[in-house]
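Undergrad: To start, I am sharing the structure in question, which I have written as structure tokens.
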Amino acid sequence: MFTNIFLIIGSIIYIWIVRPHTSVLIISSQLLAQMAIILFIINVNMYFIFLVIRKTPQRKIKISLANFSRKMMKWHIKIALTATFIIIGHASINIFHLGPIVGYSHLKMVTGYFSGLLLIPTLLAGYLRHKKASGFRKKLHRTVAITFVVMFLIHMLTSL
Ligand code: HEM
Ligand code: HEM
């Protein structure tokens with residue numbers, strides 16, 4: 001959870017202090033991306049919560065985290081869909097407005113396409129896991145979700 005809080009604060013500092021822009025379009029796009037990645041990071045935090053629940057020998061921690069995770073999971077799908085909706089706005093601004101200026105094969109654009117592409121299997125695997133939780137489906141959703149997060153962090157850090 002500390003790692004995730006650090007990631008959120010780190011992304012805020014990076015986006016707004018290290019990479020400030022003056023164009024209204026780019027600022028809107030950055031703002032959308034910022035909102036969406038906070039939501040995605042909250043979702044991926046479930047991995048660490050479940051991990052601690054599985055590994056901790058302390059019963060008290062197990063029970064309180066299990067209760068906390070139950071509350072968080074009520075929001076998991078809503079958070080995923082809201083963030084997806086927001087990131088579509090971000091991608092559209094960049095594809096339709098920034099692409100023609102910086103070029104569609106710019107590294108920032110390419111890492112963006114990959115992040116967007118990885119979001120689709122993350123959602124699908126989440127849906128499969130929601131329908132029926134087999135060992136394979138659990139592992140699939142977890143692995144694809146983490147790959148997606150690593151990819152969008154690379155995308156965020158790629159310079160424009
Ligand atoms: C087709 C998909 C995408 C394209 C073409 C794209 C393109 C870009 C571009 C050109 C920028 C830099 C300027 C700006 O902020 O507008 C950017 C920034 C950013 N993108 Fe994307 N993106 C895509 C998808 C995504 C996805 C799926 C995520 C995360 C889930 C994401 C997260 C971010 C973040 C956090 C920034 C801010 C970093 C900075 O200010 O340099 N993007 N994107
Ligand atoms: C794109 C955003 C998403 C991310 C980053 C994400 C990430 C995660 C992570 C990391 C876990 C914990 C996995 C584990 O440690 O076993 C999890 C669990 C889960 N996710 Fe997602 N997920 C997303 C979207 C979805 C969607 C769209 C659905 C369903 C339609 C979904 C359904 C589930 C379910 C049912 C669990 C298991 C909860 C439990 O064991 O009680 N996820 N997700």
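Convention: chains lettered A, B, ... in structure tokens order; per-chain residue numbering from 1; ligands numbered from 1 as shown.
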Taking only C-alpha atoms and all ligand atoms into account, list the residues no farther than 8 Å from ligand 2, as a count of residues only.
TA: 45
Undergrad: Give as a list of chain:residue names the residues surrounding ligand 1 up to a distance of 6 Å, considering only C-alpha atoms and all ligand atoms.
TA: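 Listed by chain and ascending number, the contacts are A:Ile15, A:Arg19, A:Ile26, A:Ser29, A:Gln30, A:Ala33, A:Gln34, A:Ile37, A:Ile87, A:Ala91, A:Asn94, A:Ile95, A:Lys108, A:Met109, A:Gly112, A:Tyr113, A:Ser115, A:Gly116, A:Phe152, A:Met156, A:Leu160.
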Undergrad: Please give the complete set of residues from chain A that DSSP, run on the backbone, assigns to alpha helix (DSSP H), formatted as a PyMOL selection string.
TA: chain A and resi 2-13+24-55+59-93+99-102+107-131+135-157
Undergrad: Using CA of Ile5 (chain A) and CA of Ile38 (chain A) as the two end points, give the distance in Å to one decimal.
TA: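 Between CA of Ile5 (chain A) and CA of Ile38 (chain A) the gap is 9.4 Å.
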Undergrad: One number please: CA of Gly103 (chain A) to CA of Thr147 (chain A), in Å, one decimal.
TA: 25.9 Å
Undergrad: Point out the residue among A:Trp16, A:Leu107, A:Thr3, A:Ile53 with the least atom-to-atom distance to Leu65 (chain A), counting only C-alpha atoms.
TA: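 The answer is A:Ile53, which sits nearest to Leu65 (chain A).
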Undergrad: Can you measure CA of Ile27 (chain A) to CA of Leu98 (chain A) for me? One decimal in Å is fine.
TA: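 Atom-to-atom, CA of Ile27 (chain A) to CA of Leu98 (chain A), that is 11.8 Å.
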Undergrad: Give the answer as one residue: which of A:Val110, A:Leu117, A:Leu31, A:Val52 has the shortest atom-to-atom distance to Ile154 (chain A), using only C-alpha atoms?
TA: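 Checking each candidate against Ile154 (chain A), we get A:Val110 as the closest.
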